file data31.cif (mmCIF, C-alpha atoms)
data_structure
#
loop_
_atom_site.group_PDB
_atom_site.id
_atom_site.type_symbol
_atom_site.label_atom_id
_atom_site.label_comp_id
_atom_site.auth_asym_id
_atom_site.auth_seq_id
_atom_site.Cartn_x
_atom_site.Cartn_y
_atom_site.Cartn_z
ATOM 1 C CA MET A 3 83.361 84.623 118.838
ATOM 2 C CA PRO A 4 85.782 83.444 116.090
ATOM 3 C CA ALA A 5 88.565 85.860 115.109
ATOM 4 C CA SER A 6 87.081 86.382 111.629
ATOM 5 C CA ASP A 7 83.734 87.373 113.147
ATOM 6 C CA LYS A 8 85.497 89.801 115.501
ATOM 7 C CA ILE A 9 87.187 91.504 112.545
ATOM 8 C CA ILE A 10 83.877 91.795 110.677
ATOM 9 C CA HIS A 11 82.235 93.220 113.793
ATOM 10 C CA LEU A 12 85.074 95.733 114.261
ATOM 11 C CA ARG A 13 84.817 96.871 110.638
ATOM 12 C CA GLN A 14 81.068 97.396 111.024
ATOM 13 C CA LEU A 15 81.672 99.351 114.215
ATOM 14 C CA LEU A 16 84.281 101.531 112.508
ATOM 15 C CA ALA A 17 81.951 102.249 109.586
ATOM 16 C CA GLN A 18 79.178 103.305 111.973
ATOM 17 C CA ARG A 19 81.329 105.312 114.374
ATOM 18 C CA PHE A 20 83.672 106.887 111.824
ATOM 19 C CA PRO A 21 81.786 107.391 108.539
ATOM 20 C CA GLN A 22 83.493 108.994 105.573
ATOM 21 C CA THR A 23 83.557 112.762 106.065
ATOM 22 C CA SER A 24 84.628 115.903 104.269
ATOM 23 C CA ALA A 25 88.343 115.327 103.820
ATOM 24 C CA PRO A 26 89.829 117.151 100.805
ATOM 25 C CA PRO A 27 89.057 115.067 97.684
ATOM 26 C CA ASP A 28 92.337 115.530 95.805
ATOM 27 C CA GLY A 29 95.527 113.523 96.106
ATOM 28 C CA ARG A 30 96.933 115.451 99.066
ATOM 29 C CA LEU A 31 95.817 115.887 102.662
ATOM 30 C CA PRO A 32 97.019 119.222 104.104
ATOM 31 C CA THR A 33 98.722 119.086 107.496
ATOM 32 C CA GLY A 34 97.598 122.577 108.449
ATOM 33 C CA LEU A 35 101.242 123.697 108.708
ATOM 34 C CA ALA A 36 101.814 125.984 105.739
ATOM 35 C CA ALA A 37 105.605 125.699 105.526
ATOM 36 C CA ILE A 38 105.493 121.905 105.560
ATOM 37 C CA ASP A 39 102.587 121.709 103.094
ATOM 38 C CA ASP A 40 104.414 124.024 100.694
ATOM 39 C CA ALA A 41 107.573 121.892 100.920
ATOM 40 C CA ILE A 42 105.777 118.618 100.097
ATOM 41 C CA GLY A 43 103.455 119.830 97.363
ATOM 42 C CA GLY A 44 100.296 120.697 99.275
ATOM 43 C CA GLY A 45 100.077 118.097 102.027
ATOM 44 C CA LEU A 46 100.607 114.443 102.831
ATOM 45 C CA PRO A 47 100.184 112.327 99.693
ATOM 46 C CA LYS A 48 97.338 109.841 99.705
ATOM 47 C CA SER A 49 97.658 106.185 98.679
ATOM 48 C CA VAL A 50 101.347 105.959 99.630
ATOM 49 C CA ILE A 51 103.446 105.527 102.769
ATOM 50 C CA THR A 52 105.038 108.659 104.212
ATOM 51 C CA GLU A 53 107.738 108.151 106.847
ATOM 52 C CA LEU A 54 108.639 110.908 109.301
ATOM 53 C CA SER A 55 111.733 110.188 111.394
ATOM 54 C CA SER A 56 112.739 112.070 114.541
ATOM 55 C CA PRO A 57 116.294 111.064 115.520
ATOM 56 C CA ASN A 58 116.456 113.470 118.472
ATOM 57 C CA LEU A 59 114.560 112.688 121.675
ATOM 58 C CA SER A 60 112.852 116.100 121.695
ATOM 59 C CA ALA A 61 112.412 116.535 117.962
ATOM 60 C CA GLY A 62 108.695 117.398 118.034
ATOM 61 C CA SER A 63 106.872 114.305 116.749
ATOM 62 C CA ALA A 64 104.190 114.733 119.438
ATOM 63 C CA LEU A 65 103.687 118.364 118.418
ATOM 64 C CA PHE A 66 103.352 117.299 114.798
ATOM 65 C CA THR A 67 100.713 114.713 115.762
ATOM 66 C CA HIS A 68 98.812 117.358 117.730
ATOM 67 C CA ALA A 69 98.910 119.678 114.720
ATOM 68 C CA LEU A 70 97.476 116.932 112.503
ATOM 69 C CA LEU A 71 94.713 116.285 115.024
ATOM 70 C CA GLN A 72 93.862 119.973 115.293
ATOM 71 C CA ASN A 73 93.694 120.155 111.499
ATOM 72 C CA ALA A 74 91.365 117.125 111.393
ATOM 73 C CA HIS A 75 89.137 118.818 113.967
ATOM 74 C CA ARG A 76 89.041 122.086 112.012
ATOM 75 C CA HIS A 77 88.066 120.338 108.792
ATOM 76 C CA GLY A 78 85.713 117.786 110.319
ATOM 77 C CA PHE A 79 87.340 114.466 109.486
ATOM 78 C CA PHE A 80 88.675 111.597 111.606
ATOM 79 C CA LEU A 81 92.295 110.731 112.308
ATOM 80 C CA ALA A 82 93.254 107.193 113.312
ATOM 81 C CA LEU A 83 96.307 107.027 115.570
ATOM 82 C CA VAL A 84 97.940 103.634 116.097
ATOM 83 C CA ASP A 85 100.063 104.174 119.189
ATOM 84 C CA GLY A 86 102.870 101.626 119.108
ATOM 85 C CA ARG A 87 104.040 102.157 122.685
ATOM 86 C CA ASP A 88 100.941 103.680 124.332
ATOM 87 C CA SER A 89 102.759 107.015 124.601
ATOM 88 C CA PHE A 90 100.120 109.480 123.355
ATOM 89 C CA ASP A 91 98.953 111.974 126.007
ATOM 90 C CA PRO A 92 95.343 112.952 125.216
ATOM 91 C CA GLN A 93 95.300 115.715 127.852
ATOM 92 C CA SER A 94 98.096 117.617 126.115
ATOM 93 C CA ALA A 95 96.182 117.474 122.829
ATOM 94 C CA GLY A 96 93.145 119.272 124.263
ATOM 95 C CA GLN A 97 89.689 117.908 124.948
ATOM 96 C CA ALA A 98 87.979 119.573 121.984
ATOM 97 C CA VAL A 99 89.960 117.747 119.290
ATOM 98 C CA LEU A 100 89.611 114.265 120.787
ATOM 99 C CA SER A 101 86.184 113.806 119.192
ATOM 100 C CA ASN A 102 88.032 113.506 115.858
ATOM 101 C CA LEU A 103 90.488 110.879 117.098
ATOM 102 C CA PHE A 104 90.344 107.078 116.931
ATOM 103 C CA TRP A 105 93.149 105.930 119.241
ATOM 104 C CA VAL A 106 94.496 102.381 119.070
ATOM 105 C CA ARG A 107 96.760 101.692 122.054
ATOM 106 C CA CYS A 108 99.454 99.038 121.574
ATOM 107 C CA GLN A 109 102.483 97.834 123.514
ATOM 108 C CA ALA A 110 104.529 96.292 120.714
ATOM 109 C CA ALA A 111 105.375 97.170 117.127
ATOM 110 C CA VAL A 112 103.979 93.917 115.746
ATOM 111 C CA GLU A 113 100.579 94.706 117.307
ATOM 112 C CA ALA A 114 100.678 98.227 115.902
ATOM 113 C CA VAL A 115 101.477 97.057 112.368
ATOM 114 C CA LYS A 116 98.566 94.598 112.499
ATOM 115 C CA ALA A 117 96.242 97.378 113.679
ATOM 116 C CA ALA A 118 97.385 99.658 110.837
ATOM 117 C CA ASP A 119 96.761 96.796 108.399
ATOM 118 C CA LEU A 120 93.154 96.524 109.601
ATOM 119 C CA LEU A 121 92.526 100.282 109.439
ATOM 120 C CA LEU A 122 93.911 100.554 105.904
ATOM 121 C CA ARG A 123 91.744 97.648 104.785
ATOM 122 C CA ASP A 124 88.727 99.348 106.350
ATOM 123 C CA GLY A 125 89.330 102.567 104.391
ATOM 124 C CA ASN A 126 87.193 104.785 106.635
ATOM 125 C CA PHE A 127 89.911 107.211 107.705
ATOM 126 C CA PRO A 128 91.371 109.991 105.531
ATOM 127 C CA LEU A 129 94.499 109.912 107.722
ATOM 128 C CA VAL A 130 96.100 106.952 109.512
ATOM 129 C CA VAL A 131 99.144 107.635 111.704
ATOM 130 C CA LEU A 132 101.311 104.751 112.918
ATOM 131 C CA ASP A 133 103.485 106.043 115.778
ATOM 132 C CA LEU A 134 106.546 103.840 116.389
ATOM 133 C CA VAL A 135 108.814 106.564 117.809
ATOM 134 C CA PHE A 136 109.082 104.977 121.259
ATOM 135 C CA ASN A 137 109.376 101.386 120.091
ATOM 136 C CA PRO A 138 112.995 100.152 120.377
ATOM 137 C CA ILE A 139 114.860 100.173 117.083
ATOM 138 C CA GLU A 140 115.775 96.503 117.629
ATOM 139 C CA GLU A 141 112.054 95.722 117.692
ATOM 140 C CA LEU A 142 111.394 97.693 114.512
ATOM 141 C CA ARG A 143 114.232 95.986 112.629
ATOM 142 C CA LYS A 144 112.502 92.667 113.187
ATOM 143 C CA ILE A 145 109.548 93.832 111.069
ATOM 144 C CA PRO A 146 110.092 92.288 107.604
ATOM 145 C CA GLN A 147 110.189 94.749 104.704
ATOM 146 C CA SER A 148 107.501 92.567 103.119
ATOM 147 C CA ASN A 149 105.109 93.854 105.805
ATOM 148 C CA TRP A 150 105.681 97.426 104.670
ATOM 149 C CA TYR A 151 105.165 96.461 101.031
ATOM 150 C CA ARG A 152 101.879 94.811 102.015
ATOM 151 C CA LEU A 153 100.779 98.004 103.761
ATOM 152 C CA GLN A 154 101.812 99.954 100.674
ATOM 153 C CA ARG A 155 99.584 97.763 98.492
ATOM 154 C CA LEU A 156 96.702 98.279 100.916
ATOM 155 C CA VAL A 157 97.015 102.052 101.010
ATOM 156 C CA GLU A 158 97.303 102.232 97.219
ATOM 157 C CA ALA A 159 93.662 101.163 97.044
ATOM 158 C CA ALA A 160 92.475 103.619 99.696
ATOM 159 C CA PRO A 161 91.860 107.408 99.643
ATOM 160 C CA THR A 162 94.040 107.587 102.737
ATOM 161 C CA ALA A 163 97.208 109.404 103.763
ATOM 162 C CA PHE A 164 99.339 106.925 105.730
ATOM 163 C CA LEU A 165 102.016 108.456 107.950
ATOM 164 C CA VAL A 166 104.514 106.334 109.897
ATOM 165 C CA LEU A 167 106.492 107.994 112.704
ATOM 166 C CA THR A 168 109.853 106.395 113.523
ATOM 167 C CA ARG A 169 113.055 107.232 115.380
ATOM 168 C CA GLN A 170 115.213 106.099 112.446
ATOM 169 C CA SER A 171 114.233 105.626 108.822
ATOM 170 C CA ILE A 172 113.420 101.937 108.277
ATOM 171 C CA ILE A 173 110.790 101.780 105.505
ATOM 172 C CA SER A 174 112.324 101.251 102.088
ATOM 173 C CA SER A 175 108.925 101.401 100.349
ATOM 174 C CA ALA A 176 108.038 104.868 101.693
ATOM 175 C CA GLN A 177 107.541 107.246 98.761
ATOM 176 C CA LEU A 178 107.994 110.366 100.872
ATOM 177 C CA LYS A 179 110.553 110.518 103.672
ATOM 178 C CA MET A 180 110.909 113.409 106.093
ATOM 179 C CA SER A 181 112.852 114.047 109.283
ATOM 180 C CA LEU A 182 112.325 116.387 112.218
ATOM 181 C CA ASP A 183 115.548 118.227 112.998
ATOM 182 C CA ASN A 184 114.540 119.957 116.232
ATOM 183 C CA ALA A 185 116.370 119.309 119.507
ATOM 184 C CA TRP A 186 114.400 121.269 122.081
ATOM 185 C CA ARG A 187 115.267 121.576 125.754
ATOM 186 C CA LEU A 188 112.771 121.512 128.610
ATOM 187 C CA SER A 189 112.885 125.308 128.862
ATOM 188 C CA ASP A 190 111.778 125.598 125.215
ATOM 189 C CA LEU A 191 108.448 123.976 126.053
ATOM 190 C CA ASP A 192 107.380 127.115 127.919
ATOM 191 C CA GLN A 193 107.496 129.120 124.706
ATOM 192 C CA ARG A 194 104.389 129.745 122.650
ATOM 193 C CA ASP A 195 103.628 128.439 119.168
ATOM 194 C CA LEU A 196 106.365 125.819 119.000
ATOM 195 C CA THR A 197 104.408 124.060 116.260
ATOM 196 C CA SER A 198 105.169 126.833 113.780
ATOM 197 C CA ARG A 199 108.882 126.346 114.527
ATOM 198 C CA LEU A 200 108.967 122.665 113.600
ATOM 199 C CA ASN A 201 112.044 122.172 111.445
ATOM 200 C CA VAL A 202 111.399 119.466 108.848
ATOM 201 C CA GLN A 203 113.795 118.132 106.231
ATOM 202 C CA VAL A 204 111.991 116.566 103.296
ATOM 203 C CA ASN A 205 113.530 113.821 101.128
ATOM 204 C CA ARG A 206 111.148 113.200 98.278
ATOM 205 C CA VAL A 207 112.078 110.390 95.891
ATOM 206 C CA HIS A 208 110.971 110.531 92.254
ATOM 207 C CA GLY A 209 112.448 107.483 90.576
ATOM 208 C CA SER A 210 116.176 107.710 91.190
ATOM 209 C CA ARG A 211 116.136 111.475 91.864
ATOM 210 C CA GLU A 212 116.004 112.716 95.447
ATOM 211 C CA ILE A 213 114.690 116.208 96.160
ATOM 212 C CA ILE A 214 115.655 117.750 99.496
ATOM 213 C CA ALA A 215 113.752 120.712 100.954
ATOM 214 C CA ARG A 216 113.526 122.270 104.379
ATOM 215 C CA ALA A 217 110.528 123.762 106.170
ATOM 216 C CA GLY A 218 110.283 125.491 109.488
#
call {"tool": "encode", "arguments": {"input": "data31.cif", "output": "C-alpha cells"}}
result
Amino acid sequence: MPASDKIIHLRQLLAQRFPQTSAPPDGRLPTGLAAIDDAIGGGLPKSVITELSSPNLSAGSALFTHALLQNAHRHGFFLALVDGRDSFDPQSAGQAVLSNLFWVRCQAAVEAVKAADLLLRDGNFPLVVLDLVFNPIEELRKIPQSNWYRLQRLVEAAPTAFLVLTRQSIISSAQLKMSLDNAWRLSDLDQRDLTSRLNVQVNRVHGSREIIARAG
C-alpha cells in the first residue's frame, strides 16, 4: 500500500475509533489540577503549543501525564500521547483510564514529531501530548525550529490543546512555557496524593511581557 494510502487509512481509523467527544468547548482545556489551572487562566490553551519542561530527573512529568489522563477519563474525551522514547508505563496509570488513551510508541524524536504532525492534522483529539522528556537533548536540538512553527500552524487550525514535555526548554514558538520544579526522592513515592503537590512555575508570554506564576 502506498504511503499516502496508509495515511488516509490511518486518518479514517482514527475518526472511527476516536470520534469527537465532549471536551470543553471554550479556548481552554482544564488539567483537573486546580492550582495549575488557576495559574494559567483555566487550563491548557487550545490552538497553541504549550511546553512543560522538567529539568530534574524526578520532577513529576509522569504524574502530570497521569493527571491529564485521569481528567480525560472523568470528562469522557480522548488523549493522544506520542511517547518519544517508549517510556510510558500503562500499569502505573491504572486500567480504567486507558480506554481514553491513544498511545503512539516511538524510539526517536524525529518519529515522535512526525506522529504529532499527523495527529494535529487529523484534529480528532482535544488533547495531544508529545513526550520528549527521555529523548537526549542532543537529539532534540537537531529538530529544526521550522518544524515547531509548522506544528504551531497546524494546531492553530484545530480545537486542540498541544502539550510538549521536554527536559529543557527548546521550543521558541511555544506561547505558554511551564517548568516542573519538583525533585522527589524514591522515598517520596510512597506518600499519597503526590499529584496535588506538583510544583509548577509558569512563564506566560504576552508580546514582550513575561508573567511568572507558581502553582503547587
call {"tool": "residues_around", "arguments": {"input": "data31.cif", "residues": "A:Thr52", "least_positions_apart": "3", "cutoff": "8 Å", "atoms": "all atoms listed in the file", "output": "list of chain:residue names"}}
result
A:Leu46, A:Pro47, A:Ala163, A:Phe164, A:Leu165, A:Val166, A:Ala176, A:Gln177, A:Leu178, A:Lys179, A:Met180
call {"tool": "resolve_selection", "arguments": {"input": "data31.cif", "expression": "the PyMOL selection byres ((chain A and resi 169) around 6)", "output": "PyMOL selection string"}}
result
chain A and resi 55-57+135+168+170
call {"tool": "closest_residue", "arguments": {"input": "data31.cif", "among": "A:Gln154, A:Gln97, A:Ala74, A:Leu59", "to": "A:Phe136", "atoms": "only C-alpha atoms"}}
result
A:Leu59
call {"tool": "atom_distance", "arguments": {"input": "data31.cif", "atom1": "atom CA of A:Phe66", "atom2": "atom CA of A:Phe79"}}
result
17.1 Å
call {"tool": "residues_near_point", "arguments": {"input": "data31.cif", "point": "(103.3, 100.4, 97.3)", "cutoff": "8 Å", "atoms": "all atoms listed in the file", "output": "PDB file with C-alpha atoms, keeping the file's coordinate frame"}}
result
ATOM      1  CA  VAL A  50     101.347 105.959  99.630  1.00  0.00           C
ATOM      2  CA  ILE A  51     103.446 105.527 102.769  1.00  0.00           C
ATOM      3  CA  TYR A 151     105.165  96.461 101.031  1.00  0.00           C
ATOM      4  CA  ARG A 152     101.879  94.811 102.015  1.00  0.00           C
ATOM      5  CA  LEU A 153     100.779  98.004 103.761  1.00  0.00           C
ATOM      6  CA  GLN A 154     101.812  99.954 100.674  1.00  0.00           C
ATOM      7  CA  ARG A 155      99.584  97.763  98.492  1.00  0.00           C
ATOM      8  CA  LEU A 156      96.702  98.279 100.916  1.00  0.00           C
ATOM      9  CA  VAL A 157      97.015 102.052 101.010  1.00  0.00           C
ATOM     10  CA  GLU A 158      97.303 102.232  97.219  1.00  0.00           C
ATOM     11  CA  SER A 175     108.925 101.401 100.349  1.00  0.00           C
ATOM     12  CA  ALA A 176     108.038 104.868 101.693  1.00  0.00           C
TER      13      ALA A 176
END
call {"tool": "closest_residue", "arguments": {"input": "data31.cif", "among": "A:Leu31, A:Gln109, A:Gly78, A:Ala64", "to": "A:Pro92", "atoms": "all atoms listed in the file"}}
result
A:Ala64
call {"tool": "resolve_selection", "arguments": {"input": "data31.cif", "expression": "the PyMOL selection byres ((chain A and resi 95) around 10)", "output": "list in words"}}
result
Ala64, Leu65, Thr67, His68, Ala69, Leu71, Gln72, Phe90, Asp91, Pro92, Gln93, Ser94, Gly96, Gln97, Ala98, Val99 and Leu100 of chain A
call {"tool": "resolve_selection", "arguments": {"input": "data31.cif", "expression": "the PyMOL selection byres ((chain A and resi 110) around 12)", "output": "number ranges by chain"}}
result
A: 84-89, 106-109, 111-117, 132-142, 144-145
call {"tool": "axis_aligned_box", "arguments": {"input": "data31.cif", "around": "stretch 102-119 of chain A", "padding_each_side": "8 Å", "output": "JSON"}}
result
{"center_x": 96.7, "center_y": 103.7, "center_z": 116.0, "size_x": 33.3, "size_y": 35.6, "size_z": 31.1}
call {"tool": "atom_distance", "arguments": {"input": "data31.cif", "atom1": "atom CA of A:Leu167", "atom2": "atom CA of A:Leu54"}}
result
5.0 Å
call {"tool": "atom_distance", "arguments": {"input": "data31.cif", "atom1": "atom CA of A:Gly43", "atom2": "atom CA of A:Gly29"}}
result
10.2 Å
call {"tool": "residues_near_point", "arguments": {"input": "data31.cif", "point": "(109.6, 99.5, 102.8)", "cutoff": "8 Å", "atoms": "only C-alpha atoms", "output": "list in words"}}
result
Gln147, Ser148, Asn149, Trp150, Tyr151, Ile172, Ile173, Ser174, Ser175 and Ala176 of chain A
call {"tool": "write_last_selection", "arguments": {"input": "data31.cif", "atoms": "C-alpha atoms", "output": "compact mmCIF listing (two decimals), in the coordinates of the input"}}
result
# COMPACT_ATOMS: atom_id res chain seq x y z
CA GLN A 147 110.19 94.75 104.70
CA SER A 148 107.50 92.57 103.12
CA ASN A 149 105.11 93.85 105.80
CA TRP A 150 105.68 97.43 104.67
CA TYR A 151 105.16 96.46 101.03
CA ILE A 172 113.42 101.94 108.28
CA ILE A 173 110.79 101.78 105.50
CA SER A 174 112.32 101.25 102.09
CA SER A 175 108.92 101.40 100.35
CA ALA A 176 108.04 104.87 101.69
